[in-house]
Amino acid sequence: MQFLQKSDYVWINGDFVPWEEAKIHIMTHALHYSSAVFEGIRSYDSKIFEAELHAKRLIDSAKMLEMTINYDIKQIVNFLYETIEINRLSDSYIRPLIWRGDEEMKIYSDKITTNFLIAAWPMLSNKINSVDIDISRWRKFSPDSFPTNCKASATYSMMTKIQVESLKKGFTDSLLLDVNGNIAECTCSNIFFVGCGVLYTPKTGHILNGITRQTVISIAQSLGIEVLECDINPQNLSSFDECFITGTAVEIKPIRSITYNDNKISFKEDNITGIIIKKYQELVKKK
Ligand code: PMP
C-alpha cells in the first residue's frame with residue numbers, strides 16, 4: 001500500500017518498528033468501533049511546538065474514553081522527540097495515536113489492550129493563501145452526546161463527510177454551527193474574527209480548544225489586542241472585518257469569504273490577521 005508521506009520508523013508500544021512493518025490486524029477494535037484518540041503535532045527546526053500541551057491533551061482524550069495509558073506527559077514528550085530523532089526529521093508532522101487492539105470483538109472487554117503509536121513524517125510550513133468556506137448543514141455534536149474537547153478518531157468520520165460536501169460545492173472547508181446555532185469551528189480548525197480591532201472567537205464548551213487557538217489568544221493579548229471568547233451568531237458575520245482559522249496542520253489561514261444560506265460574506269485579508277501570522281511564525285521557530 002502507498003502512503004504519500006513516510007519516514008523510516010514508527011514507535012509502537014515502546015519499540016521502533018520499520019515503517020513498512022507497522023501493521024494492525026483487520027479485527028482491531030479501533031477499526032470497527034473507532035476506539036482511538038490522537039494528536040496532530042508539528043516540529044519546526046527539530047523543536048516540537050507545545051509538546052507538553054499536546055501530550056496532556058492526548059492523555060486527557062484517552063481518559064475521556066476510558067482508555068488507560070501508563071505514560072505521563074514527560075515520557076510521552078521523550079517518545080515524540082525520539083521518534084523525530086530516529087527519523088532525522090526537522091520540520092515534521094507527528095501523529096501519536098492510542099487505540100484499542102484486536103484481542104476480542106466486543107464493544108467492551110477487559111481483554112482488549114490499549115496500544116500506543118507515534119508516526120512522524122516531513123512537513124514544511126504552509127503557503128499563506130486565503131480561502132473560501134461555507135457553513136455546513138451539519139452541526140457540531142452536543143457536549144451531552146460526546147466530549148467536545150476529546151480528540152477522538154470517531155468524530156472525524158463526520159468531519160471527512162463534511163469536507164467532501166464542502167469540496168463538491170467548490171469550498172475549501174466548512175464551518176459548523178453548534179447545537180444552539182452559534183458558530184463552533186471548522187472540520188479541523190478553530191475560527192477567529194476581527195471587528196473594530198477586537199478579536200472574537202467562540203468560547204469553549206462546543207469546540208476542541210485548539211492549542212493554536214490558545215497560542216493565538218496569548219499572542220493577541222501580548223500585543224494589547226482585546227480577545228473576546230463568546231457566542232457568535234452567524235447572522236452577525238457581516239459585522240466583522242477579518243476572519244482566520246487556526247490549527248496545527250493549517251497553522252493560521254486567512255478566510256476570504258464565508259457562504260451562509262447562499263449569502264457570501266467577504267472579509268479583508270490583512271492587517272491584524274497578518275500581524276498575528278507573523279508573530280506565530282516567529283514563535284513556532286523559537287519554542
Ligand atoms: N478543532 C478541530 C475539530 C480540530 O480537529 C483541530 C485540529 N486538531 C482544531 C480545532 C485545532 O486544534 P490544534 O490547534 O490543537 O491543532
# chains A, B, ... in the order shown; residues from 1 in each chain; ligands from 1
call {"tool": "residues_around", "arguments": {"residues": "Glu251 of chain A", "least_positions_apart": "6", "cutoff": "9 Å", "atoms": "only C-alpha atoms", "output": "MDAnalysis selection string"}}
result
chainID A and resid 125:126 189 212 245 277 280:281
call {"tool": "write_last_selection", "arguments": {"atoms": "N, CA, C and O atoms", "output": "mmCIF file, in the first residue's frame"}}
result
data_model
loop_
_atom_site.group_PDB
_atom_site.id
_atom_site.type_symbol
_atom_site.label_atom_id
_atom_site.label_comp_id
_atom_site.auth_asym_id
_atom_site.auth_seq_id
_atom_site.Cartn_x
_atom_site.Cartn_y
_atom_site.Cartn_z
ATOM 1 N N SER A 125 6.135 24.343 6.494
ATOM 2 C CA SER A 125 5.098 25.345 6.728
ATOM 3 C C SER A 125 4.263 25.559 5.473
ATOM 4 O O SER A 125 4.761 25.458 4.357
ATOM 5 N N ASN A 126 2.974 25.877 5.698
ATOM 6 C CA ASN A 126 2.067 26.064 4.561
ATOM 7 C C ASN A 126 2.269 27.417 3.900
ATOM 8 O O ASN A 126 2.770 28.345 4.510
ATOM 9 N N SER A 189 -10.198 22.879 12.485
ATOM 10 C CA SER A 189 -9.555 24.128 12.917
ATOM 11 C C SER A 189 -10.544 24.980 13.701
ATOM 12 O O SER A 189 -11.760 24.803 13.581
ATOM 13 N N THR A 212 -3.343 25.799 18.897
ATOM 14 C CA THR A 212 -3.060 27.001 18.100
ATOM 15 C C THR A 212 -3.996 28.137 18.534
ATOM 16 O O THR A 212 -3.581 29.293 18.618
ATOM 17 N N ILE A 245 -8.658 31.044 10.358
ATOM 18 C CA ILE A 245 -8.784 29.784 11.085
ATOM 19 C C ILE A 245 -7.413 29.370 11.625
ATOM 20 O O ILE A 245 -6.376 29.799 11.087
ATOM 21 N N ILE A 277 -0.198 36.269 12.190
ATOM 22 C CA ILE A 277 0.503 35.213 11.427
ATOM 23 C C ILE A 277 2.022 35.384 11.584
ATOM 24 O O ILE A 277 2.745 34.420 11.842
ATOM 25 N N TYR A 280 3.114 34.346 15.045
ATOM 26 C CA TYR A 280 3.009 32.890 15.204
ATOM 27 C C TYR A 280 4.209 32.209 14.542
ATOM 28 O O TYR A 280 4.831 31.318 15.117
ATOM 29 N N GLN A 281 4.546 32.673 13.346
ATOM 30 C CA GLN A 281 5.690 32.065 12.640
ATOM 31 C C GLN A 281 6.988 32.257 13.411
ATOM 32 O O GLN A 281 7.824 31.363 13.457
#
call {"tool": "residues_around", "arguments": {"residues": "Thr160 of chain A", "least_positions_apart": "6", "cutoff": "10 Å", "atoms": "only C-alpha atoms", "output": "list in words"}}
result
Ser166, Thr187 and Cys188 of chain A
call {"tool": "closest_residue", "arguments": {"among": "A:Phe146, A:Trp138, A:Phe267, A:Phe38", "to": "ligand 1", "atoms": "only C-alpha atoms and all ligand atoms"}}
result
A:Phe38
call {"tool": "select_by_dssp", "arguments": {"residues": "segment 27-237 of chain A", "states": "strand (DSSP E)", "output": "ChimeraX atom specification"}}
result
/A:36-38,41-44,47-48,92-100,114-122,131-139,173-177,183-186,190-195,198-202,227-230
call {"tool": "residues_around", "arguments": {"residues": "segment 218-227 of chain A", "least_positions_apart": "4", "cutoff": "10 Å", "atoms": "only C-alpha atoms", "output": "list of chain:residue names"}}
result
A:Phe192, A:Phe193, A:Val194, A:Gly197, A:Val198, A:Leu199, A:Tyr200, A:Thr201, A:Thr212, A:Arg213, A:Gln214, A:Ile272, A:Ile275, A:Ile276, A:Ile277, A:Lys279, A:Tyr280, A:Leu283
call {"tool": "atom_distance", "arguments": {"atom1": "atom CA of Ser92 of chain A", "atom2": "atom CA of Ala120 of chain A"}}
result
6.5 Å
call {"tool": "atom_distance", "arguments": {"atom1": "atom CA of Ile207 of chain A", "atom2": "atom CA of Ala119 of chain A"}}
result
25.8 Å
call {"tool": "decode", "arguments": {"residues": "segment 96-114 of chain A", "atoms": "N, CA, C and O atoms", "output": "mmCIF file, in the first residue's frame"}}
result
data_model
loop_
_atom_site.group_PDB
_atom_site.id
_atom_site.type_symbol
_atom_site.label_atom_id
_atom_site.label_comp_id
_atom_site.auth_asym_id
_atom_site.auth_seq_id
_atom_site.Cartn_x
_atom_site.Cartn_y
_atom_site.Cartn_z
ATOM 1 N N PRO A 96 0.791 10.915 17.232
ATOM 2 C CA PRO A 96 0.607 9.863 18.224
ATOM 3 C C PRO A 96 -0.845 9.393 18.190
ATOM 4 O O PRO A 96 -1.750 10.221 17.963
ATOM 5 N N LEU A 97 -1.056 8.120 18.383
ATOM 6 C CA LEU A 97 -2.423 7.573 18.373
ATOM 7 C C LEU A 97 -2.522 6.445 19.396
ATOM 8 O O LEU A 97 -1.635 5.599 19.479
ATOM 9 N N ILE A 98 -3.589 6.481 20.164
ATOM 10 C CA ILE A 98 -3.846 5.436 21.159
ATOM 11 C C ILE A 98 -5.088 4.697 20.699
ATOM 12 O O ILE A 98 -6.100 5.341 20.383
ATOM 13 N N TRP A 99 -4.991 3.367 20.636
ATOM 14 C CA TRP A 99 -6.135 2.638 20.083
ATOM 15 C C TRP A 99 -6.360 1.315 20.797
ATOM 16 O O TRP A 99 -5.450 0.752 21.393
ATOM 17 N N ARG A 100 -7.623 0.847 20.723
ATOM 18 C CA ARG A 100 -7.953 -0.445 21.318
ATOM 19 C C ARG A 100 -7.619 -1.550 20.308
ATOM 20 O O ARG A 100 -7.887 -1.399 19.110
ATOM 21 N N GLY A 101 -7.057 -2.632 20.828
ATOM 22 C CA GLY A 101 -6.473 -3.683 19.986
ATOM 23 C C GLY A 101 -7.428 -4.745 19.468
ATOM 24 O O GLY A 101 -8.641 -4.525 19.350
ATOM 25 N N ASP A 102 -6.878 -5.930 19.189
ATOM 26 C CA ASP A 102 -7.610 -6.939 18.407
ATOM 27 C C ASP A 102 -7.871 -8.240 19.170
ATOM 28 O O ASP A 102 -8.083 -9.292 18.569
ATOM 29 N N GLU A 103 -7.853 -8.190 20.510
ATOM 30 C CA GLU A 103 -7.927 -9.445 21.262
ATOM 31 C C GLU A 103 -9.316 -10.071 21.247
ATOM 32 O O GLU A 103 -9.462 -11.284 21.381
ATOM 33 N N GLU A 104 -10.348 -9.239 21.127
ATOM 34 C CA GLU A 104 -11.713 -9.765 21.136
ATOM 35 C C GLU A 104 -12.623 -8.800 20.397
ATOM 36 O O GLU A 104 -12.372 -7.593 20.398
ATOM 37 N N MET A 105 -13.704 -9.326 19.781
ATOM 38 C CA MET A 105 -14.610 -8.441 19.060
ATOM 39 C C MET A 105 -15.888 -8.237 19.870
ATOM 40 O O MET A 105 -16.863 -8.968 19.740
ATOM 41 N N LYS A 106 -15.825 -7.264 20.735
ATOM 42 C CA LYS A 106 -16.944 -6.886 21.597
ATOM 43 C C LYS A 106 -16.865 -5.386 21.760
ATOM 44 O O LYS A 106 -15.771 -4.823 21.666
ATOM 45 N N ILE A 107 -17.978 -4.738 22.052
ATOM 46 C CA ILE A 107 -17.924 -3.294 22.295
ATOM 47 C C ILE A 107 -16.951 -2.998 23.433
ATOM 48 O O ILE A 107 -16.135 -2.091 23.353
ATOM 49 N N TYR A 108 -17.037 -3.793 24.496
ATOM 50 C CA TYR A 108 -16.010 -3.674 25.535
ATOM 51 C C TYR A 108 -15.658 -5.038 26.105
ATOM 52 O O TYR A 108 -16.536 -5.870 26.350
ATOM 53 N N SER A 109 -14.394 -5.266 26.307
ATOM 54 C CA SER A 109 -13.914 -6.440 27.026
ATOM 55 C C SER A 109 -12.605 -6.041 27.689
ATOM 56 O O SER A 109 -11.795 -5.328 27.075
ATOM 57 N N ASP A 110 -12.405 -6.492 28.925
ATOM 58 C CA ASP A 110 -11.152 -6.111 29.585
ATOM 59 C C ASP A 110 -9.954 -6.855 29.003
ATOM 60 O O ASP A 110 -8.817 -6.600 29.383
ATOM 61 N N LYS A 111 -10.220 -7.757 28.058
ATOM 62 C CA LYS A 111 -9.100 -8.452 27.380
ATOM 63 C C LYS A 111 -8.524 -7.600 26.242
ATOM 64 O O LYS A 111 -7.446 -7.862 25.739
ATOM 65 N N ILE A 112 -9.272 -6.590 25.835
ATOM 66 C CA ILE A 112 -8.791 -5.768 24.716
ATOM 67 C C ILE A 112 -7.756 -4.761 25.233
ATOM 68 O O ILE A 112 -8.034 -3.993 26.156
ATOM 69 N N THR A 113 -6.591 -4.785 24.627
ATOM 70 C CA THR A 113 -5.487 -3.933 25.081
ATOM 71 C C THR A 113 -5.603 -2.502 24.556
ATOM 72 O O THR A 113 -6.267 -2.254 23.553
ATOM 73 N N THR A 114 -4.927 -1.611 25.263
ATOM 74 C CA THR A 114 -4.775 -0.249 24.752
ATOM 75 C C THR A 114 -3.362 -0.137 24.201
ATOM 76 O O THR A 114 -2.403 -0.560 24.857
#
